[in-house]
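Participant: What follows is the file model.cif, containing mmCIF, C-alpha atoms:
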data_input
loop_
_atom_site.label_atom_id
_atom_site.label_comp_id
_atom_site.auth_asym_id
_atom_site.auth_seq_id
_atom_site.Cartn_x
_atom_site.Cartn_y
_atom_site.Cartn_z
CA MET G 1 81.65 102.07 96.66
CA PRO G 2 84.81 99.94 96.86
CA VAL G 3 86.94 100.51 99.95
CA VAL G 4 89.97 101.63 97.91
CA ALA G 5 87.96 104.23 96.01
CA LYS G 6 86.29 105.51 99.16
CA LEU G 7 89.56 105.73 101.05
CA SER G 8 91.33 107.43 98.15
CA GLY G 9 88.55 109.97 97.84
CA PHE G 10 88.63 110.71 101.54
CA LEU G 11 92.36 111.29 101.42
CA VAL G 12 92.08 113.57 98.39
CA VAL G 13 89.62 115.78 100.31
CA LEU G 14 91.95 115.93 103.28
CA ALA G 15 94.86 116.77 101.01
CA ALA G 16 93.00 119.70 99.53
CA VAL G 17 92.29 121.08 103.00
CA PHE G 18 95.69 120.60 104.60
CA GLY G 19 98.24 120.37 101.80
CA VAL G 20 98.94 124.09 101.51
CA ALA G 21 99.70 124.36 105.24
CA PHE G 22 102.42 121.72 104.92
CA LEU G 23 103.96 123.22 101.79
CA THR G 24 103.91 126.88 102.85
CA GLY G 25 107.32 128.16 103.83
CA THR G 26 109.24 125.07 102.73
CA GLN G 27 110.73 126.28 99.45
CA SER G 28 114.14 127.50 100.60
CA ALA G 29 117.77 126.61 100.04
CA THR G 30 117.81 124.78 103.36
CA LEU G 31 115.06 122.46 102.18
CA LEU G 32 117.02 121.45 99.10
CA ALA G 33 119.65 119.71 101.23
CA PRO G 34 119.90 115.90 100.88
CA PRO G 35 117.30 114.07 102.98
CA ALA G 36 118.30 111.85 105.88
CA VAL G 37 118.72 108.08 105.50
CA HIS G 38 116.18 106.19 107.61
CA ASP G 39 116.64 102.90 109.44
CA ASN G 40 113.93 100.39 110.37
CA THR G 41 112.79 102.23 113.49
CA LEU G 42 109.08 102.94 113.89
CA GLY G 43 108.25 105.70 116.34
CA GLY G 44 105.38 107.34 118.14
CA LEU G 45 104.46 104.55 120.55
CA ALA G 46 105.29 106.49 123.74
CA ALA G 47 104.09 109.83 125.08
CA SER G 48 107.44 110.34 126.86
CA VAL G 49 110.97 109.89 125.47
CA ASP G 50 114.14 110.95 127.31
CA GLY G 51 112.03 113.02 129.68
CA TYR G 52 110.20 114.92 126.95
CA THR G 53 106.43 114.44 127.27
CA LEU G 54 103.50 115.14 124.97
CA ALA G 55 99.91 115.42 126.21
CA ALA G 56 96.59 116.38 124.64
CA VAL G 57 94.99 119.28 126.50
CA GLU G 58 91.55 117.94 125.54
CA PRO G 59 91.84 114.24 124.63
CA GLU G 60 88.13 113.94 123.74
CA LEU G 61 86.88 116.02 120.82
CA GLU G 62 83.91 116.59 118.54
CA PRO G 63 84.04 115.36 114.93
CA GLY G 64 84.19 117.74 112.00
CA PRO G 65 86.53 119.84 109.88
CA ASP G 66 88.92 122.37 111.42
CA GLN G 67 88.79 120.94 114.93
CA PHE G 68 91.17 122.77 117.25
CA VAL G 69 93.66 120.33 118.83
CA GLU G 70 95.99 121.65 121.53
CA LEU G 71 99.06 119.74 122.66
CA ARG G 72 101.27 120.28 125.69
CA LEU G 73 105.03 119.64 125.40
CA THR G 74 107.28 119.58 128.48
CA GLY G 75 110.94 118.73 129.06
CA PRO G 76 112.82 116.57 131.60
CA ASP G 77 112.53 119.34 134.21
CA GLY G 78 108.77 119.64 133.70
CA ALA G 79 109.16 123.07 132.12
CA PRO G 80 107.56 123.99 128.78
CA VAL G 81 109.54 123.18 125.65
CA ASP G 82 109.27 126.25 123.47
CA GLU G 83 112.53 125.99 121.49
CA LEU G 84 113.25 123.36 118.85
CA ASP G 85 116.28 122.72 116.67
CA SER G 86 116.01 122.21 112.92
CA MET G 87 115.80 118.63 111.66
CA ASP G 88 115.71 116.94 108.26
CA GLN G 89 115.20 120.24 106.45
CA MET G 90 112.57 121.51 108.91
CA PRO G 91 113.36 125.08 110.02
CA ASP G 92 114.10 125.85 113.66
CA GLY G 93 111.07 125.86 115.93
CA MET G 94 108.94 123.54 113.77
CA MET G 95 107.78 119.93 114.02
CA HIS G 96 105.94 117.33 111.96
CA LEU G 97 102.50 116.22 113.13
CA PHE G 98 100.77 113.08 111.87
CA ALA G 99 97.13 112.39 112.77
CA VAL G 100 95.96 108.85 112.01
CA ARG G 101 92.57 107.27 112.64
CA ARG G 102 92.88 103.85 114.24
CA ASP G 103 91.55 101.99 111.17
CA LEU G 104 93.76 104.11 108.85
CA THR G 105 90.83 105.69 106.98
CA GLY G 106 91.95 109.12 108.20
CA PHE G 107 95.42 110.62 107.78
CA GLN G 108 96.83 114.14 107.94
CA HIS G 109 100.40 115.46 107.93
CA ILE G 110 100.80 119.10 108.90
CA THR G 111 103.11 121.51 110.68
CA PRO G 112 101.54 122.56 114.01
CA ALA G 113 101.85 126.13 115.23
CA PRO G 114 103.40 127.13 118.56
CA GLY G 115 101.07 128.70 121.09
CA GLU G 116 101.76 130.17 124.50
CA GLY G 117 103.88 128.34 127.09
CA THR G 118 103.57 124.58 126.61
CA SER G 119 100.98 124.86 123.87
CA TRP G 120 101.21 123.66 120.27
CA TRP G 121 98.06 123.61 118.20
CA ALA G 122 96.68 122.30 114.93
CA LEU G 123 93.42 122.32 113.01
CA LEU G 124 92.47 118.76 112.08
CA SER G 125 89.58 117.21 110.17
CA LEU G 126 88.34 114.48 112.51
CA THR G 127 85.83 111.68 111.96
CA PRO G 128 84.33 109.66 114.84
CA GLY G 129 86.54 107.08 116.49
CA PRO G 130 89.97 106.67 118.07
CA TRP G 131 92.84 108.70 116.60
CA ARG G 132 96.58 108.74 117.22
CA VAL G 133 98.61 111.94 117.00
CA VAL G 134 102.37 111.55 116.53
CA VAL G 135 104.82 114.44 116.47
CA GLU G 136 108.42 114.35 115.30
CA LEU G 137 110.65 117.09 116.70
CA GLN G 138 114.17 117.87 117.89
CA PRO G 139 114.36 119.66 121.27
CA LYS G 140 117.01 122.35 121.58
CA GLY G 141 120.37 120.80 122.40
CA LEU G 142 119.25 117.14 122.32
CA GLY G 143 121.12 116.47 119.09
CA ARG G 144 118.62 114.08 117.55
CA PRO G 145 114.93 113.96 116.68
CA ILE G 146 112.36 112.11 118.79
CA SER G 147 108.82 110.93 118.13
CA LEU G 148 106.02 111.24 120.71
CA GLY G 149 102.46 110.00 120.44
CA VAL G 150 99.13 110.55 122.20
CA ASP G 151 95.60 109.22 121.68
CA LEU G 152 92.51 111.25 120.88
CA ALA G 153 88.90 110.09 121.17
CA VAL G 154 86.49 111.68 118.68
CA ARG G 155 82.84 111.42 119.68
CA GLY G 156 80.36 109.65 117.42
CA ASP G 157 79.62 106.30 115.86
CA TYR G 158 82.88 104.55 115.02
CA ARG G 159 82.68 101.86 112.37
CA PRO G 160 86.18 100.58 111.64
CA GLU G 161 87.05 99.38 108.15
CA PRO G 162 89.70 96.85 107.10
CA LEU G 163 92.81 97.81 105.18
CA PRO G 164 92.11 98.14 101.46
CA PRO G 165 93.43 95.32 99.28
CA ALA G 166 96.94 95.61 97.92
CA VAL G 167 96.94 97.17 94.44
CA ASP G 168 99.82 98.55 92.40
CA THR G 169 98.15 101.55 90.72
CA LEU G 170 95.95 104.21 92.30
CA PRO G 171 94.28 107.33 90.84
CA VAL G 172 94.85 110.69 92.54
CA ASN G 173 93.48 114.04 91.31
CA GLY G 174 93.56 113.06 87.64
CA LEU G 175 96.99 111.44 87.90
CA GLU G 176 98.02 107.80 88.25
CA ALA G 177 100.61 106.54 90.72
CA ARG G 178 102.04 103.06 90.20
CA ARG G 179 103.95 101.33 92.98
CA SER G 180 106.85 98.96 92.38
CA GLY G 181 109.22 97.15 94.70
CA THR G 182 108.26 96.03 98.17
CA LEU G 183 108.99 96.47 101.85
CA SER G 184 111.17 94.01 103.72
CA THR G 185 113.32 93.68 106.82
CA ARG G 186 116.50 93.88 104.71
CA SER G 187 118.51 97.09 104.64
CA SER G 188 118.51 97.15 100.84
CA THR G 189 114.73 97.22 100.56
CA GLN G 190 113.16 99.93 98.42
CA ILE G 191 109.77 100.84 97.03
CA ALA G 192 109.01 103.32 94.28
CA VAL G 193 106.00 105.25 92.99
CA THR G 194 105.88 106.43 89.37
CA VAL G 195 103.51 109.30 88.61
CA THR G 196 101.89 109.69 85.17
CA GLU G 197 99.18 111.83 83.57
CA ASP G 198 97.39 110.46 80.51
CA ASP G 199 100.10 107.78 80.32
CA GLU G 200 102.82 110.44 80.15
CA PRO G 201 105.48 110.82 82.88
CA VAL G 202 104.98 113.73 85.29
CA THR G 203 108.29 115.58 85.63
CA ASP G 204 107.28 118.81 87.37
CA LEU G 205 106.81 117.69 90.97
CA GLN G 206 107.69 120.37 93.53
CA PRO G 207 110.37 119.73 96.16
CA SER G 208 109.13 119.95 99.73
CA HIS G 209 111.34 119.55 102.80
CA GLY G 210 114.29 118.60 100.63
CA ALA G 211 112.63 115.88 98.55
CA PRO G 212 110.23 115.48 95.62
CA GLY G 213 107.95 113.27 97.71
CA HIS G 214 107.41 111.73 101.12
CA ALA G 215 106.12 108.47 102.56
CA VAL G 216 104.73 107.63 105.98
CA ILE G 217 104.89 103.92 106.70
CA ILE G 218 102.42 102.87 109.41
CA ARG G 219 102.05 99.51 111.14
CA PRO G 220 98.36 98.72 111.69
CA GLY G 221 97.33 97.99 115.25
CA ASP G 222 99.74 100.11 117.26
CA LEU G 223 100.10 102.82 114.54
CA ALA G 224 103.87 103.03 114.95
CA LEU G 225 105.21 104.97 111.98
CA SER G 226 108.28 106.00 110.03
CA TYR G 227 108.45 109.23 108.01
CA ARG G 228 110.69 108.99 104.93
CA HIS G 229 111.86 111.27 102.15
CA ALA G 230 112.09 110.23 98.54
CA LEU G 231 115.69 109.78 97.42
CA PRO G 232 117.06 113.06 96.02
CA ASP G 233 118.20 111.67 92.67
CA GLY G 234 114.55 111.41 91.64
CA GLY G 235 114.64 115.09 90.73
CA THR G 236 111.15 116.37 89.97
CA GLY G 237 109.65 113.03 88.98
CA PRO G 238 108.16 110.93 87.67
CA ARG G 239 109.73 108.28 89.95
CA LEU G 240 109.76 108.62 93.73
CA GLU G 241 111.98 106.11 95.54
CA PHE G 242 111.84 105.35 99.26
CA ALA G 243 114.61 103.29 100.83
CA GLY G 244 114.90 101.53 104.15
CA PRO G 245 113.62 98.41 105.93
CA VAL G 246 110.76 97.77 108.34
CA PRO G 247 111.29 95.91 111.63
CA GLU G 248 109.15 92.86 110.89
CA PRO G 249 107.11 91.18 108.11
CA GLY G 250 103.41 91.87 107.77
CA ALA G 251 100.95 94.33 106.27
CA TYR G 252 101.73 98.06 106.39
CA ALA G 253 99.90 101.15 105.18
CA VAL G 254 102.15 103.40 103.10
CA PHE G 255 100.85 106.95 102.71
CA VAL G 256 102.61 108.76 99.85
CA GLU G 257 102.41 112.53 99.37
CA PHE G 258 103.83 114.79 96.71
CA TYR G 259 103.19 118.28 95.35
CA ARG G 260 102.51 119.64 91.91
CA ALA G 261 101.48 123.22 91.11
CA GLU G 262 101.32 123.89 94.87
CA ARG G 263 98.69 121.19 95.30
CA GLN G 264 99.20 118.20 97.54
CA HIS G 265 98.48 114.72 96.19
CA LEU G 266 97.96 112.02 98.82
CA LEU G 267 97.30 108.31 98.44
CA VAL G 268 97.70 105.10 100.43
CA TYR G 269 98.98 101.64 99.51
CA THR G 270 98.63 98.45 101.45
CA VAL G 271 102.02 96.72 101.22
CA GLU G 272 102.91 93.27 102.54
CA ALA G 273 106.42 93.36 103.92
CA ARG G 274 108.69 90.34 103.50
CA ARG G 275 111.46 89.09 105.72
#
Can you present the structure in this file as structure tokens?

Facilitator:
Amino acid sequence: MPVVAKLSGFLVVLAAVFGVAFLTGTQSATLLAPPAVHDNTLGGLAASVDGYTLAAVEPELEPGPDQFVELRLTGPDGAPVDELDSMDQMPDGMMHLFAVRRDLTGFQHITPAPGEGTSWWALLSLTPGPWRVVVELQPKGLGRPISLGVDLAVRGDYRPEPLPPAVDTLPVNGLEARRSGTLSTRSSTQIAVTVTEDDEPVTDLQPSHGAPGHAVIIRPGDLALSYRHALPDGGTGPRLEFAGPVPEPGAYAVFVEFYRAERQHLLVYTVEARR
């Protein structure tokens, strides 16, 4: 099976498992506010930022679906962080969590649940190999969001795969998504994804977190990432536009997610960024 088809199929399965968790609770007036404008910063490289520290309670895990992952979050004083401000249309007390396998053949984007004390937890579908977990959150009173990252080791035989070749059109759950534009280091850079079904434009995409679609741009190797909202003037489709530069030229994986009929659609493009 070609790598692109295998990777797309794997992501579709993950989307079916975890998409509802991300969408639930997001359809409110707050989430219809304009999304933030992103710069070229890629985050998630450090476990500690401004004294806030993320740690995996059990950094080595078994493979399989619905694996319980517990994270510990502490503040500059070493005390548990159990209060978060709202950010980019996320309600108070919530954060984004991105789980990425080192070779980019695994990806999940969910909202973890708070536990007791320093604990935050998530159920992840994990395949053997090294994984990176990145959370984006805004501690109470800090005034800005931060990204923290930790590594997980999943037991089993790890056989890394290369990035899939760059293609413009990918199938996803009976739909087609065609990419146009490209990434670059220039502030005016923009890429777009146009969604069709049987060659007809799809115009009933569901807003989630203030936008009709989302993209997570990941740099292979260190897995630094940037989470971006589609521009609000895209309405409910068919065109999703993502603006903002990347810090340097090279190959990036761009995971695009959108919702239709309360179902998540998830796909990945390999995009070569220009200077």

Participant: Decode the PyMOL selection byres ((chain G and resi 249) around 8) for the given file into explicit residues and return them as a short mmCIF file (atom, residue, chain, number, x, y, z; two decimals) with C-alpha atoms, in the coordinates of the input.

Facilitator:
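result_12.cif was written with the following content:
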data_model
loop_
_atom_site.label_atom_id
_atom_site.label_comp_id
_atom_site.auth_asym_id
_atom_site.auth_seq_id
_atom_site.Cartn_x
_atom_site.Cartn_y
_atom_site.Cartn_z
CA SER G 184 111.17 94.01 103.72
CA THR G 185 113.32 93.68 106.82
CA VAL G 246 110.76 97.77 108.34
CA PRO G 247 111.29 95.91 111.63
CA GLU G 248 109.15 92.86 110.89
CA GLY G 250 103.41 91.87 107.77
CA ALA G 251 100.95 94.33 106.27
CA GLU G 272 102.91 93.27 102.54
CA ALA G 273 106.42 93.36 103.92
CA ARG G 274 108.69 90.34 103.50
CA ARG G 275 111.46 89.09 105.72
#

Participant: Separation of CA of Leu205 (chain G) and CA of Leu123 (chain G), in Å?

Facilitator: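 About the pair CA of Leu205 (chain G) and CA of Leu123 (chain G): they are 26.2 Å apart.
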
Participant: How many Å separate CA of Ser187 (chain G) from CA of Ala243 (chain G)?

Facilitator: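 Interatomic distance, CA of Ser187 (chain G) to CA of Ala243 (chain G): 8.3 Å.
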
Participant: The PyMOL selection byres ((chain G and resi 175-180) around 7) - which residues does that actually catch in the file I just gave you? List them as an MDAnalysis selection string.

Facilitator: chainID G and resid 168:174 181:182 191:197

Participant: Pick the closest to Pro162 (chain G) from G:Ala215, G:Leu231, G:Ala253, G:Leu45: which is it, counting all atoms listed in the file?

Facilitator: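 With all atoms listed in the file as the atom set, the closest residue is G:Ala253.
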
Participant: I want to know what sits within 10 Å of Tyr227 (chain G), based on only C-alpha atoms, with residues of the same chain fewer than 3 positions away left out; could you give that as JSON, numbers by chain?

Facilitator: {"G": [38, 41, 42, 43, 96, 98, 136, 214, 215, 216, 217, 218, 254, 255]}

Participant: Provide the CA of Pro65 (chain G) to CA of Ala46 (chain G) distance in Å, to one decimal place.

Facilitator: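 About the pair CA of Pro65 (chain G) and CA of Ala46 (chain G): they are 26.9 Å apart.
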